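> Can you keep this structure in mind? I'll have questions shortly.
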Amino acid sequence: MIWTMELHSFCAAVSASFLWGMLMDMLLKRLTGSDKVRYVAVLAGAVTAVFVGVYGMGPHTLACILFGQVLLYAAAYDFATHTVPDYVPVLILLIGLMEVEFVPAFLGLVLVPLPFLAAALIREGSIGGGDIKLMGACGFVLGVRRGYAALMLGLFLAVVFQTAFVKKRDKGFALAPYLAAGCLLAQLL
């Protein structure tokens, strides 16, 4: 009986996220004017399935799911436009307030984006301001240790994918999808 209730809750959460992903997909296509955004609904359902599977149903799971959905939105938006909207870090900060521990959150907010800020100051155009703000907000949610783990995982994924699959190396690429993947993996640690 309990297993059946958990299965129903799991299916309801994944279905709701899939529907939310379909709405995000339509919104992203309207906002970006691009057809490059695909599979958002499937990824939204997958993010929810993973977090519910790992953490069960509870307030922490809700915070993780919301964090994942906003990161998914940021990744798709950046993929389509090579920009991260300014309201995305604000949404992530608000999600972080759901389970905030102020000292680790503040340290993550300040310390995690420092490597990107240094890179942007050393070489103009190397890192966008949206990526810096995104990692600052993610550092607020994840803290310093998991924030740096997310940063390293995201950069590792970017290097591997760009080296393996992209032929034109001279033009810029969207970094937020890789950072979002790194943040989601760090959230699971």
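Residues are referred to by chain and number: the chain letter is A, B, ... according to the order shown in the structure tokens, the number counts from 1 in that chain, and ligands are numbered separately from 1 in the order shown.
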Set the distance at 7 Å and use only C-alpha atoms: which residues neighbour segment 27-39 of chain A once local chain neighbours fewer than 4 positions away are removed? I'd like the list as an mmCIF file with all heavy atoms, in the first residue's frame.

```cif
data_model
loop_
_atom_site.group_PDB
_atom_site.id
_atom_site.type_symbol
_atom_site.label_atom_id
_atom_site.label_comp_id
_atom_site.auth_asym_id
_atom_site.auth_seq_id
_atom_site.Cartn_x
_atom_site.Cartn_y
_atom_site.Cartn_z
ATOM 1 N N LEU A 23 5.164 23.897 -20.969
ATOM 2 C CA LEU A 23 4.906 25.340 -20.864
ATOM 3 C C LEU A 23 6.200 26.142 -21.006
ATOM 4 O O LEU A 23 6.225 27.179 -21.669
ATOM 5 C CB LEU A 23 4.221 25.664 -19.537
ATOM 6 C CG LEU A 23 2.795 25.167 -19.379
ATOM 7 C CD1 LEU A 23 2.304 25.396 -17.955
ATOM 8 C CD2 LEU A 23 1.885 25.862 -20.379
ATOM 9 N N LEU A 43 13.409 16.868 -20.384
ATOM 10 C CA LEU A 43 14.440 17.143 -19.382
ATOM 11 C C LEU A 43 13.829 17.577 -18.055
ATOM 12 O O LEU A 43 14.329 17.215 -16.988
ATOM 13 C CB LEU A 43 15.405 18.209 -19.899
ATOM 14 C CG LEU A 43 16.305 17.768 -21.051
ATOM 15 C CD1 LEU A 43 17.083 18.955 -21.590
ATOM 16 C CD2 LEU A 43 17.236 16.665 -20.607
ATOM 17 N N ALA A 76 18.428 26.487 -21.533
ATOM 18 C CA ALA A 76 17.756 26.558 -22.831
ATOM 19 C C ALA A 76 17.760 27.980 -23.385
ATOM 20 O O ALA A 76 17.982 28.186 -24.584
ATOM 21 C CB ALA A 76 16.325 26.046 -22.697
ATOM 22 N N TYR A 77 17.556 28.964 -22.529
ATOM 23 C CA TYR A 77 17.560 30.362 -22.967
ATOM 24 C C TYR A 77 18.951 30.743 -23.478
ATOM 25 O O TYR A 77 19.091 31.374 -24.527
ATOM 26 C CB TYR A 77 17.142 31.271 -21.806
ATOM 27 C CG TYR A 77 16.716 32.651 -22.225
ATOM 28 C CD1 TYR A 77 15.372 32.967 -22.344
ATOM 29 C CD2 TYR A 77 17.647 33.655 -22.499
ATOM 30 C CE1 TYR A 77 14.961 34.231 -22.726
ATOM 31 C CE2 TYR A 77 17.246 34.910 -22.882
ATOM 32 C CZ TYR A 77 15.902 35.198 -22.992
ATOM 33 O OH TYR A 77 15.513 36.456 -23.380
ATOM 34 N N ALA A 80 19.761 29.250 -26.847
ATOM 35 C CA ALA A 80 19.089 29.901 -27.967
ATOM 36 C C ALA A 80 19.615 31.305 -28.245
ATOM 37 O O ALA A 80 19.684 31.718 -29.403
ATOM 38 C CB ALA A 80 17.582 29.956 -27.712
ATOM 39 N N THR A 81 20.003 32.039 -27.201
ATOM 40 C CA THR A 81 20.328 33.461 -27.393
ATOM 41 C C THR A 81 21.733 33.859 -26.974
ATOM 42 O O THR A 81 22.141 34.995 -27.219
ATOM 43 C CB THR A 81 19.352 34.333 -26.574
ATOM 44 O OG1 THR A 81 19.554 34.079 -25.180
ATOM 45 C CG2 THR A 81 17.913 34.073 -26.959
#
```
> Find the residues of segment 35-103 of chain A that sit at most 6 Å from segment 5-17 of chain A; for each, write down the nearest two atoms and how far apart they are in Å, to one decimal. Count only C-alpha atoms. Sort by chain, then by number going up, and give it as a tab-separated table.

```
residue	atom	partner	partner_atom	distance
A:Ala44	CA	A:Ser17	CA	5.6
A:Gly45	CA	A:Ser17	CA	5.0
A:Thr48	CA	A:Val14	CA	5.8
A:Ala49	CA	A:Val14	CA	5.7
```
> List every residue of segment 12-124 of chain A that DSSP, applied to the backbone of this structure, places in helix (DSSP H, G or I), and write the result as a count of residues only.
92
> Which one is closest to Ala137 of chain A: A:Phe51, A:Trp20, A:Phe67, A:Phe161? Count only C-alpha atoms.
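Ranked by minimum distance to Ala137 of chain A, first place goes to A:Phe67.
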> Atom CA of Pro59 of chain A to atom CA of Leu94 of chain A: how many Å, to one decimal?
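Computing the Euclidean distance for atom CA of Pro59 of chain A and atom CA of Leu94 of chain A yields 14.5 Å.
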> Name the residues in contact with segment 142-150 of chain A at a cut-off of 12 Å, using only C-alpha atoms, excluding same-chain residues fewer than 4 positions from it; report them as a VMD selection string.
chain A and resid 63 to 64 67 92 to 93 95 to 97 99 to 116 134 to 138 154 to 157 176 to 189
> Could you write out that same residue set with N, CA and C atoms as a compact mmCIF listing (two decimals), in the first residue's frame?

```txt
# COMPACT_ATOMS: atom_id res chain seq x y z
N ALA A 63 12.69 22.08 -3.23
CA ALA A 63 13.72 23.09 -3.50
C ALA A 63 14.65 22.62 -4.62
N CYS A 64 15.03 21.34 -4.60
CA CYS A 64 15.91 20.80 -5.65
C CYS A 64 15.22 20.83 -7.01
N PHE A 67 15.03 24.43 -8.25
CA PHE A 67 16.38 24.81 -8.66
C PHE A 67 16.71 24.21 -10.03
N ILE A 92 16.85 32.00 -8.61
CA ILE A 92 17.67 31.02 -7.92
C ILE A 92 17.94 31.46 -6.48
N LEU A 93 18.19 32.75 -6.28
CA LEU A 93 18.38 33.25 -4.91
C LEU A 93 17.13 33.04 -4.08
N ILE A 95 14.88 30.71 -4.48
CA ILE A 95 14.80 29.28 -4.19
C ILE A 95 15.78 28.92 -3.07
N GLY A 96 16.95 29.55 -3.09
CA GLY A 96 17.93 29.30 -2.05
C GLY A 96 17.46 29.71 -0.67
N LEU A 97 16.56 30.68 -0.61
CA LEU A 97 16.04 31.11 0.69
C LEU A 97 15.13 30.06 1.34
N GLU A 99 15.89 27.03 2.00
CA GLU A 99 16.68 26.20 2.91
C GLU A 99 18.00 26.89 3.27
N VAL A 100 17.97 28.16 3.48
CA VAL A 100 19.20 28.92 3.61
C VAL A 100 19.91 28.68 4.94
N GLU A 101 21.21 28.53 4.85
CA GLU A 101 22.13 28.63 5.97
C GLU A 101 23.00 29.82 5.60
N PHE A 102 22.84 30.93 6.30
CA PHE A 102 23.34 32.21 5.81
C PHE A 102 24.84 32.28 5.60
N VAL A 103 25.66 31.73 6.47
CA VAL A 103 27.11 31.84 6.29
C VAL A 103 27.58 31.07 5.05
N PRO A 104 27.24 29.78 4.91
CA PRO A 104 27.66 29.07 3.69
C PRO A 104 27.06 29.68 2.42
N ALA A 105 25.81 30.16 2.51
CA ALA A 105 25.16 30.75 1.34
C ALA A 105 25.87 32.03 0.93
N PHE A 106 26.19 32.88 1.90
CA PHE A 106 26.87 34.13 1.57
C PHE A 106 28.27 33.87 1.02
N LEU A 107 28.99 32.93 1.62
CA LEU A 107 30.33 32.60 1.12
C LEU A 107 30.25 32.03 -0.30
N GLY A 108 29.26 31.19 -0.55
CA GLY A 108 29.07 30.66 -1.91
C GLY A 108 28.74 31.75 -2.90
N LEU A 109 27.89 32.68 -2.50
CA LEU A 109 27.51 33.80 -3.36
C LEU A 109 28.72 34.64 -3.75
N VAL A 110 29.64 34.84 -2.82
CA VAL A 110 30.80 35.70 -3.06
C VAL A 110 31.96 34.94 -3.71
N LEU A 111 32.25 33.73 -3.22
CA LEU A 111 33.48 33.04 -3.64
C LEU A 111 33.34 32.22 -4.93
N VAL A 112 32.19 31.61 -5.16
CA VAL A 112 32.05 30.72 -6.31
C VAL A 112 32.23 31.44 -7.65
N PRO A 113 31.68 32.64 -7.85
CA PRO A 113 31.87 33.27 -9.16
C PRO A 113 33.21 33.97 -9.34
N LEU A 114 34.08 33.98 -8.33
CA LEU A 114 35.36 34.69 -8.44
C LEU A 114 36.23 34.24 -9.60
N PRO A 115 36.37 32.94 -9.90
CA PRO A 115 37.19 32.57 -11.06
C PRO A 115 36.65 33.15 -12.37
N PHE A 116 35.34 33.17 -12.52
CA PHE A 116 34.75 33.75 -13.73
C PHE A 116 34.95 35.25 -13.77
N LEU A 134 24.93 33.87 -12.70
CA LEU A 134 24.34 32.55 -12.54
C LEU A 134 25.13 31.73 -11.52
N MET A 135 26.45 31.72 -11.64
CA MET A 135 27.25 30.94 -10.70
C MET A 135 27.24 31.54 -9.30
N GLY A 136 27.11 32.86 -9.20
CA GLY A 136 26.96 33.46 -7.87
C GLY A 136 25.70 32.99 -7.18
N ALA A 137 24.59 33.00 -7.93
CA ALA A 137 23.32 32.55 -7.36
C ALA A 137 23.37 31.06 -7.04
N CYS A 138 23.99 30.28 -7.92
CA CYS A 138 24.12 28.84 -7.66
C CYS A 138 25.01 28.59 -6.45
N GLY A 154 30.90 21.60 -14.61
CA GLY A 154 30.37 22.31 -15.78
C GLY A 154 31.45 22.65 -16.79
N LEU A 155 32.58 23.14 -16.30
CA LEU A 155 33.68 23.47 -17.22
C LEU A 155 34.26 22.21 -17.86
N PHE A 156 34.36 21.13 -17.09
CA PHE A 156 34.83 19.87 -17.65
C PHE A 156 33.91 19.39 -18.77
N LEU A 157 32.60 19.43 -18.52
CA LEU A 157 31.63 19.02 -19.55
C LEU A 157 31.73 19.91 -20.79
N ALA A 176 26.01 28.28 -20.09
CA ALA A 176 25.01 27.96 -19.06
C ALA A 176 24.50 26.52 -19.13
N PRO A 177 24.32 25.90 -20.29
CA PRO A 177 23.89 24.50 -20.27
C PRO A 177 24.87 23.58 -19.53
N TYR A 178 26.14 23.82 -19.69
CA TYR A 178 27.15 23.01 -19.02
C TYR A 178 27.20 23.32 -17.52
N LEU A 179 27.10 24.61 -17.19
CA LEU A 179 27.08 25.00 -15.79
C LEU A 179 25.85 24.45 -15.09
N ALA A 180 24.72 24.47 -15.78
CA ALA A 180 23.48 23.92 -15.21
C ALA A 180 23.64 22.42 -14.94
N ALA A 181 24.23 21.71 -15.87
CA ALA A 181 24.47 20.28 -15.67
C ALA A 181 25.40 20.05 -14.48
N GLY A 182 26.44 20.86 -14.39
CA GLY A 182 27.36 20.75 -13.26
C GLY A 182 26.67 21.03 -11.94
N CYS A 183 25.80 22.04 -11.92
CA CYS A 183 25.06 22.38 -10.70
C CYS A 183 24.10 21.27 -10.30
N LEU A 184 23.43 20.68 -11.27
CA LEU A 184 22.51 19.59 -10.96
C LEU A 184 23.26 18.38 -10.43
N LEU A 185 24.41 18.08 -11.02
CA LEU A 185 25.21 16.96 -10.51
C LEU A 185 25.74 17.25 -9.11
N ALA A 186 26.17 18.49 -8.86
CA ALA A 186 26.66 18.86 -7.53
C ALA A 186 25.53 18.83 -6.50
N GLN A 187 24.33 19.13 -6.92
CA GLN A 187 23.18 19.08 -6.01
C GLN A 187 22.92 17.64 -5.55
N LEU A 188 23.28 16.69 -6.39
CA LEU A 188 23.07 15.28 -6.06
C LEU A 188 24.16 14.72 -5.15
N LEU A 189 25.29 15.40 -5.06
CA LEU A 189 26.41 14.90 -4.23
C LEU A 189 26.05 14.93 -2.76
```
